[in-house]
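Structure file run23.txt (compact mmCIF, C-alpha atoms) follows.
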# COMPACT_ATOMS: atom_id res chain seq x y z
CA MET M 1 171.16 84.02 124.50
CA VAL M 2 168.30 85.58 122.54
CA PRO M 3 169.82 88.42 120.52
CA GLU M 4 168.77 91.95 121.39
CA PRO M 5 166.74 94.06 120.75
CA CYS M 6 164.09 91.32 121.10
CA ARG M 7 161.23 92.48 123.25
CA THR M 8 158.75 89.61 123.25
CA VAL M 9 159.91 86.00 123.33
CA ALA M 10 157.80 82.84 123.28
CA LEU M 11 158.78 79.84 125.37
CA ILE M 12 157.40 76.50 124.19
CA PRO M 13 157.74 73.74 126.82
CA ALA M 14 157.76 70.51 124.79
CA ALA M 15 159.57 68.06 127.05
CA GLY M 16 156.59 66.02 128.27
CA LEU M 17 156.44 62.24 128.01
CA GLY M 18 152.85 62.18 126.79
CA LEU M 19 151.97 59.06 128.78
CA ARG M 20 148.18 59.52 128.60
CA LEU M 21 148.27 59.58 124.82
CA GLY M 22 150.08 56.24 124.66
CA GLY M 23 152.27 54.92 121.86
CA ALA M 24 156.02 55.00 121.35
CA VAL M 25 156.17 58.58 120.02
CA ARG M 26 156.02 61.51 122.45
CA LYS M 27 152.75 63.40 122.00
CA GLN M 28 154.40 66.67 120.92
CA PHE M 29 155.84 64.79 117.94
CA ARG M 30 152.70 62.80 117.08
CA PRO M 31 151.38 63.60 113.60
CA LEU M 32 148.32 65.74 113.01
CA GLY M 33 147.46 66.24 109.37
CA GLY M 34 150.82 64.70 108.51
CA LEU M 35 152.88 67.10 110.63
CA PRO M 36 154.04 66.89 114.27
CA LEU M 37 151.81 68.71 116.75
CA LEU M 38 154.76 70.92 117.68
CA VAL M 39 155.11 72.12 114.09
CA HIS M 40 151.51 73.37 114.04
CA SER M 41 152.12 75.44 117.17
CA LEU M 42 155.46 76.81 115.96
CA ARG M 43 154.00 77.93 112.63
CA VAL M 44 151.75 80.44 114.39
CA PHE M 45 154.56 81.92 116.48
CA GLN M 46 156.85 82.04 113.45
CA SER M 47 154.30 84.11 111.54
CA SER M 48 153.15 86.31 114.44
CA PRO M 49 154.39 89.91 114.11
CA VAL M 50 154.30 90.40 117.90
CA ILE M 51 156.80 87.58 118.59
CA ASP M 52 160.48 88.37 118.16
CA ALA M 53 161.99 84.98 119.04
CA VAL M 54 161.05 81.49 120.22
CA ILE M 55 162.83 79.18 122.67
CA LEU M 56 161.99 75.49 122.73
CA ALA M 57 162.47 73.21 125.76
CA VAL M 58 162.48 69.57 124.66
CA PRO M 59 163.60 66.19 126.02
CA GLU M 60 167.40 66.03 126.12
CA ALA M 61 167.35 62.88 123.98
CA ASP M 62 165.45 64.78 121.26
CA LEU M 63 167.61 67.92 121.04
CA HIS M 64 169.22 66.97 117.72
CA TYR M 65 165.94 65.77 116.22
CA CYS M 66 164.19 69.03 117.16
CA ARG M 67 166.98 71.23 115.86
CA MET M 68 167.25 69.42 112.54
CA ASP M 69 163.86 67.85 111.78
CA ILE M 70 161.61 70.44 113.40
CA VAL M 71 163.41 73.79 113.38
CA GLU M 72 165.76 73.57 110.39
CA SER M 73 163.54 71.41 108.21
CA HIS M 74 160.52 73.69 108.57
CA GLY M 75 162.39 76.98 108.42
CA PHE M 76 161.51 78.25 111.88
CA THR M 77 163.96 81.13 111.83
CA LYS M 78 162.53 82.69 114.99
CA VAL M 79 163.62 79.67 117.07
CA THR M 80 166.89 80.93 118.52
CA GLN M 81 167.42 78.27 121.19
CA VAL M 82 166.49 74.62 121.66
CA VAL M 83 167.28 73.63 125.25
CA ALA M 84 166.85 70.51 127.33
CA GLY M 85 163.67 70.64 129.35
CA GLY M 86 163.05 69.22 132.81
CA LYS M 87 161.02 66.49 134.41
CA GLU M 88 157.98 68.72 134.93
CA ARG M 89 156.51 71.48 132.77
CA GLN M 90 157.51 74.06 135.37
CA ASP M 91 161.13 72.89 135.14
CA SER M 92 161.08 73.22 131.36
CA VAL M 93 159.72 76.77 131.51
CA ARG M 94 162.35 77.72 134.08
CA GLN M 95 165.15 76.28 131.98
CA ALA M 96 163.95 78.06 128.85
CA LEU M 97 163.55 81.27 130.82
CA ALA M 98 167.18 81.02 131.90
CA VAL M 99 168.39 81.71 128.33
CA VAL M 100 166.17 84.72 127.67
CA GLY M 101 168.24 87.83 127.02
CA GLU M 102 168.12 91.00 129.08
CA GLY M 103 166.48 93.00 126.31
CA VAL M 104 163.25 91.00 126.57
CA HIS M 105 160.31 92.66 128.32
CA LEU M 106 157.49 90.15 127.78
CA VAL M 107 157.54 86.36 127.82
CA VAL M 108 154.79 84.30 126.21
CA ILE M 109 154.37 80.65 127.22
CA HIS M 110 152.45 78.18 125.08
CA ASP M 111 151.84 74.45 125.41
CA ALA M 112 153.43 72.61 122.50
CA VAL M 113 150.38 70.35 122.24
CA ARG M 114 147.85 73.13 121.69
CA PRO M 115 148.20 73.12 117.89
CA PHE M 116 145.18 75.32 117.16
CA VAL M 117 146.43 78.53 118.74
CA THR M 118 145.86 81.48 116.41
CA GLU M 119 147.75 84.65 115.62
CA THR M 120 144.81 86.60 117.05
CA MET M 121 145.14 84.84 120.42
CA VAL M 122 148.87 85.53 120.51
CA ARG M 123 148.40 89.20 119.66
CA GLN M 124 145.57 89.74 122.13
CA VAL M 125 147.35 88.09 125.05
CA VAL M 126 150.54 90.04 124.32
CA GLU M 127 148.62 93.31 124.16
CA ALA M 128 146.87 92.56 127.46
CA ALA M 129 150.14 91.65 129.18
CA ALA M 130 151.83 94.75 127.81
CA ALA M 131 149.07 96.82 129.40
CA ASP M 132 148.58 94.94 132.69
CA GLY M 133 151.72 92.83 133.23
CA ALA M 134 150.10 89.39 133.00
CA ALA M 135 147.39 87.80 130.85
CA ILE M 136 146.13 84.40 129.77
CA ILE M 137 143.82 82.93 127.18
CA ALA M 138 140.87 81.21 128.89
CA LEU M 139 137.33 80.04 128.27
CA PRO M 140 134.27 80.70 130.44
CA MET M 141 132.87 77.49 131.94
CA ARG M 142 129.74 76.47 130.04
CA ASP M 143 128.91 73.09 131.57
CA THR M 144 127.17 72.60 134.91
CA VAL M 145 129.83 71.99 137.55
CA LYS M 146 129.37 69.42 140.33
CA GLN M 147 131.48 68.99 143.44
CA VAL M 148 131.81 65.25 144.02
CA GLY M 149 132.93 63.41 147.15
CA GLY M 150 135.31 60.49 147.48
CA ASP M 151 132.40 58.07 147.06
CA ARG M 152 131.50 59.74 143.75
CA VAL M 153 128.30 61.16 145.14
CA ILE M 154 127.48 64.77 144.25
CA GLU M 155 127.91 67.09 147.21
CA ARG M 156 126.78 70.32 145.58
CA THR M 157 126.41 72.25 142.32
CA ILE M 158 128.90 75.08 141.94
CA ASP M 159 128.02 78.43 140.39
CA ARG M 160 129.86 78.40 137.07
CA THR M 161 129.48 82.16 136.43
CA PRO M 162 132.94 83.15 137.75
CA LEU M 163 134.70 79.98 136.52
CA TRP M 164 137.04 79.96 133.51
CA LEU M 165 139.15 77.20 131.97
CA ALA M 166 142.77 78.29 131.61
CA GLN M 167 144.49 77.77 128.28
CA THR M 168 147.67 79.02 126.68
CA PRO M 169 149.23 81.21 125.41
CA GLN M 170 149.94 83.07 128.62
CA ALA M 171 152.03 86.26 128.65
CA PHE M 172 153.87 87.96 131.50
CA ARG M 173 156.34 90.67 132.31
CA ARG M 174 159.70 88.95 132.22
CA ASP M 175 160.83 90.28 135.60
CA TRP M 176 157.60 89.09 137.27
CA LEU M 177 157.94 85.64 135.74
CA GLU M 178 161.59 85.24 136.71
CA GLU M 179 160.87 86.35 140.26
CA ALA M 180 157.97 83.90 140.54
CA HIS M 181 160.00 80.95 139.24
CA ARG M 182 162.93 81.73 141.55
CA LYS M 183 160.68 81.87 144.58
CA ALA M 184 158.70 78.77 143.59
CA GLN M 185 161.90 76.77 143.12
CA ALA M 186 163.26 77.95 146.48
CA GLU M 187 160.05 77.03 148.28
CA GLY M 188 159.32 73.80 146.39
CA LEU M 189 156.01 75.03 145.01
CA ALA M 190 154.62 73.07 142.05
CA ALA M 191 152.20 74.82 139.69
CA THR M 192 150.20 73.46 136.77
CA ASP M 193 150.54 76.73 134.86
CA ASP M 194 152.47 79.97 135.11
CA ALA M 195 149.38 82.05 135.83
CA PHE M 196 149.14 80.22 139.16
CA LEU M 197 152.62 81.47 140.03
CA MET M 198 151.54 85.03 139.22
CA GLU M 199 148.48 84.67 141.45
CA TRP M 200 150.63 83.20 144.22
CA MET M 201 152.95 86.21 143.98
CA GLY M 202 150.00 88.57 144.22
CA TYR M 203 150.16 89.90 140.66
CA PRO M 204 146.88 90.55 138.82
CA VAL M 205 146.31 88.36 135.76
CA ARG M 206 144.00 89.53 132.97
CA VAL M 207 141.81 86.97 131.15
CA VAL M 208 141.37 87.10 127.38
CA GLU M 209 138.59 84.89 126.00
CA GLY M 210 139.91 82.16 123.74
CA SER M 211 138.33 79.46 121.62
CA GLY M 212 136.94 76.00 122.15
CA GLU M 213 139.15 74.89 119.26
CA ASN M 214 142.28 75.70 121.25
CA ILE M 215 142.36 72.15 122.62
CA LYS M 216 145.24 70.51 124.44
CA VAL M 217 146.01 67.12 122.92
CA THR M 218 146.43 64.69 125.81
CA ARG M 219 144.34 61.62 124.95
CA PRO M 220 143.84 59.54 121.77
CA GLU M 221 140.37 61.00 121.20
CA ASP M 222 141.90 64.50 121.10
CA LEU M 223 143.76 63.54 117.93
CA VAL M 224 140.45 62.60 116.31
CA ILE M 225 138.97 65.94 117.34
CA GLY M 226 142.13 67.66 116.13
CA GLU M 227 141.89 66.11 112.69
CA ALA M 228 138.30 67.38 112.43
CA ILE M 229 139.33 70.91 113.46
CA LEU M 230 142.22 70.84 111.01
CA ALA M 231 139.93 69.72 108.19
CA SER M 232 137.54 72.59 108.96
CA ARG M 233 140.40 75.08 108.71
CA VAL M 234 141.63 74.05 105.27
CA GLY M 235 141.91 77.19 103.19
CA HIS M 236 141.63 79.46 106.23
CA THR M 237 144.43 81.51 107.80
CA PRO M 238 144.73 81.00 111.60
Would you write out, as structure tokens, the structure that this file holds?
Amino acid sequence: MVPEPCRTVALIPAAGLGLRLGGAVRKQFRPLGGLPLLVHSLRVFQSSPVIDAVILAVPEADLHYCRMDIVESHGFTKVTQVVAGGKERQDSVRQALAVVGEGVHLVVIHDAVRPFVTETMVRQVVEAAAADGAAIIALPMRDTVKQVGGDRVIERTIDRTPLWLAQTPQAFRRDWLEEAHRKAQAEGLAATDDAFLMEWMGYPVRVVEGSGENIKVTRPEDLVIGEAILASRVGHTP
């Protein structure tokens, strides 16, 4: 269990197969600037003053590798647990959530393959969740949005004004998040992110504007973009 008196704990689901990225190495362990994607994400949470502890959910086959070559090797002292994740992201979050101690009030969830999260994003989303109970980093939609039919013919243009693209980190009251995951598991509800579970439960979720650099690495071209972002940040503190 996470030792008390921790109040804010980050859960990093990193158990995905990374099939769209291709290759023999899981995407969370693919190198970016010579370091695994996961290491870039963990560095920010390690240095963030608003995060007390970190729990990783990884493939069961990679537990030893993550504990030794990721956590121990890079000195991530805030990582208190490395647990086996599940088949889906939602399963991994639930399994990491199960080892969060009772003294924790806020839980932050971040995709392992968003390596360009910043300390500012983490702090702002934690502050918003502390005030309102739930908050996510997101970006306002800037492109024109088309609704397209099954025959790939445009049906209509959608007003983009109220549309935002959800990112992570996302932060929630621990009791809200646990309740939502219990109910979703009981009812067989699958969600692509934890904010959806909050919405489904009827809880209000605050949006904090993020950055276009906070990309999720899912395809080979994202690694190329990531290398460019990394190069632009040399000498700059995230």
In Å, rounded to a single decimal, give me how far CA of Val9 (chain M) is from CA of Arg43 (chain M).
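Taking CA of Arg43 (chain M) as the start and CA of Val9 (chain M) as the end point, the length is 14.6 Å.
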Kindly extract all protein, DNA and RNA residues lying within 12 Å of the coordinates (163.7, 77.9, 132.3) given in the file, considering all atoms listed in the file, and supply them as a compact mmCIF listing (two decimals) with C-alpha atoms, in the frame of the given file.
# COMPACT_ATOMS: atom_id res chain seq x y z
CA ALA M 10 157.80 82.84 123.28
CA LEU M 11 158.78 79.84 125.37
CA ILE M 12 157.40 76.50 124.19
CA PRO M 13 157.74 73.74 126.82
CA ALA M 15 159.57 68.06 127.05
CA ILE M 55 162.83 79.18 122.67
CA LEU M 56 161.99 75.49 122.73
CA ALA M 57 162.47 73.21 125.76
CA VAL M 58 162.48 69.57 124.66
CA GLN M 81 167.42 78.27 121.19
CA VAL M 82 166.49 74.62 121.66
CA VAL M 83 167.28 73.63 125.25
CA ALA M 84 166.85 70.51 127.33
CA GLY M 85 163.67 70.64 129.35
CA GLY M 86 163.05 69.22 132.81
CA LYS M 87 161.02 66.49 134.41
CA GLU M 88 157.98 68.72 134.93
CA ARG M 89 156.51 71.48 132.77
CA GLN M 90 157.51 74.06 135.37
CA ASP M 91 161.13 72.89 135.14
CA SER M 92 161.08 73.22 131.36
CA VAL M 93 159.72 76.77 131.51
CA ARG M 94 162.35 77.72 134.08
CA GLN M 95 165.15 76.28 131.98
CA ALA M 96 163.95 78.06 128.85
CA LEU M 97 163.55 81.27 130.82
CA ALA M 98 167.18 81.02 131.90
CA VAL M 99 168.39 81.71 128.33
CA VAL M 100 166.17 84.72 127.67
CA VAL M 107 157.54 86.36 127.82
CA ILE M 109 154.37 80.65 127.22
CA ARG M 174 159.70 88.95 132.22
CA LEU M 177 157.94 85.64 135.74
CA GLU M 178 161.59 85.24 136.71
CA GLU M 179 160.87 86.35 140.26
CA ALA M 180 157.97 83.90 140.54
CA HIS M 181 160.00 80.95 139.24
CA ARG M 182 162.93 81.73 141.55
CA GLN M 185 161.90 76.77 143.12
CA ASP M 194 152.47 79.97 135.11
Kindly give the distance, in Å, that separates CA of Ala228 (chain M) and CA of Phe29 (chain M), rounded to a single decimal.
18.6 Å
Of the listed residues M:Arg219, M:Arg206, M:Arg152, M:His40, that which approaches Gln124 (chain M) most closely, counting all atoms listed in the file
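Looking only at the distances to Gln124 (chain M), the closest residue turns out to be M:Arg206.
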In Å to one decimal, how far is CA of Pro220 (chain M) from CA of Arg26 (chain M)?
12.4 Å
Pick from M:Met68, M:Met198, M:Lys27, M:Pro36, whichever lies nearest to Lys183 (chain M) using all atoms listed in the file:
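Under the stated criterion, the closest residue is M:Met198.
The nearest approach to Thr218 (chain M) among the residues M:Thr77, M:Gln28, M:Thr192, M:Thr8, with all atoms listed in the file taken into account, belongs to M:Gln28.
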Close residues, Val145 (chain M) itself excluded, 7 Å, all atoms listed in the file, min 4 positions apart in chain, as a ChimeraX atom specification:
/M:157-158,160
Just write the chosen residues, C-alpha atoms, as a PDB file, in the frame of the given file.
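Result file is out.pdb:
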ATOM      1  CA  THR M 157     126.410  72.250 142.320  1.00  0.00           C
ATOM      2  CA  ILE M 158     128.900  75.080 141.940  1.00  0.00           C
ATOM      3  CA  ARG M 160     129.860  78.400 137.070  1.00  0.00           C
TER       4      ARG M 160
END
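The residue that comes closest to Phe172 (chain M), out of M:Pro204, M:Pro49, M:Gly103, M:Gly149 and on the basis of only C-alpha atoms, is M:Pro204.
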With a distance cut-off of 10 Å and all atoms listed in the file, select the neighbouring residues of Leu32 (chain M), excluding the residue or stretch itself and same-chain residues fewer than 6 positions from it, and output the selection as a ChimeraX atom specification.
/M:38-40,115,223-224,226-227,230
Between M:Leu37, M:Leu106, M:Leu42, M:Ala14, which one has atoms that come closest to Asp62 (chain M), using all atoms listed in the file?
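Between M:Leu37, M:Leu106, M:Leu42, M:Ala14, the residue approaching Asp62 (chain M) most closely is M:Ala14.
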Neighbour list for Leu165 (chain M) as a list of chain:residue names, cut-off 12 Å, all atoms listed in the file, skip fewer than 2 positions in-chain
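Counting only the stated atoms, we get M:Ile136, M:Ile137, M:Ala138, M:Leu139, M:Pro140, M:Met141, M:Arg142, M:Asp143, M:Arg160, M:Thr161, M:Pro162, M:Leu163, M:Gln167, M:Thr168, M:Asp193, M:Ala195, M:Val207, M:Val208, M:Glu209, M:Gly210, M:Ser211, M:Gly212, M:Asn214, M:Ile215, M:Lys216.
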Select, from M:Gln170, M:Gln147, M:Ile229, M:Ala112, the residue with the minimum atom-to-atom distance to Ala130 (chain M), counting all atoms listed in the file.
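Answer, going by the shortest atom-to-atom distance: M:Gln170.
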Set the distance at 9 Å and use all atoms listed in the file: which residues neighbour Tyr203 (chain M) once local chain neighbours fewer than 5 positions away are removed? I'd like the list as a VMD selection string.
chain M and resid 133 to 134 176 197 to 198
Name the residues, using the chain letters and numbers of the file, that sit within 12 Å of (145.0, 78.4, 110.8) when counting only C-alpha atoms, and give them as a PyMOL selection string.
chain M and resi 40-45+47-48+115-121+213-214+229-238
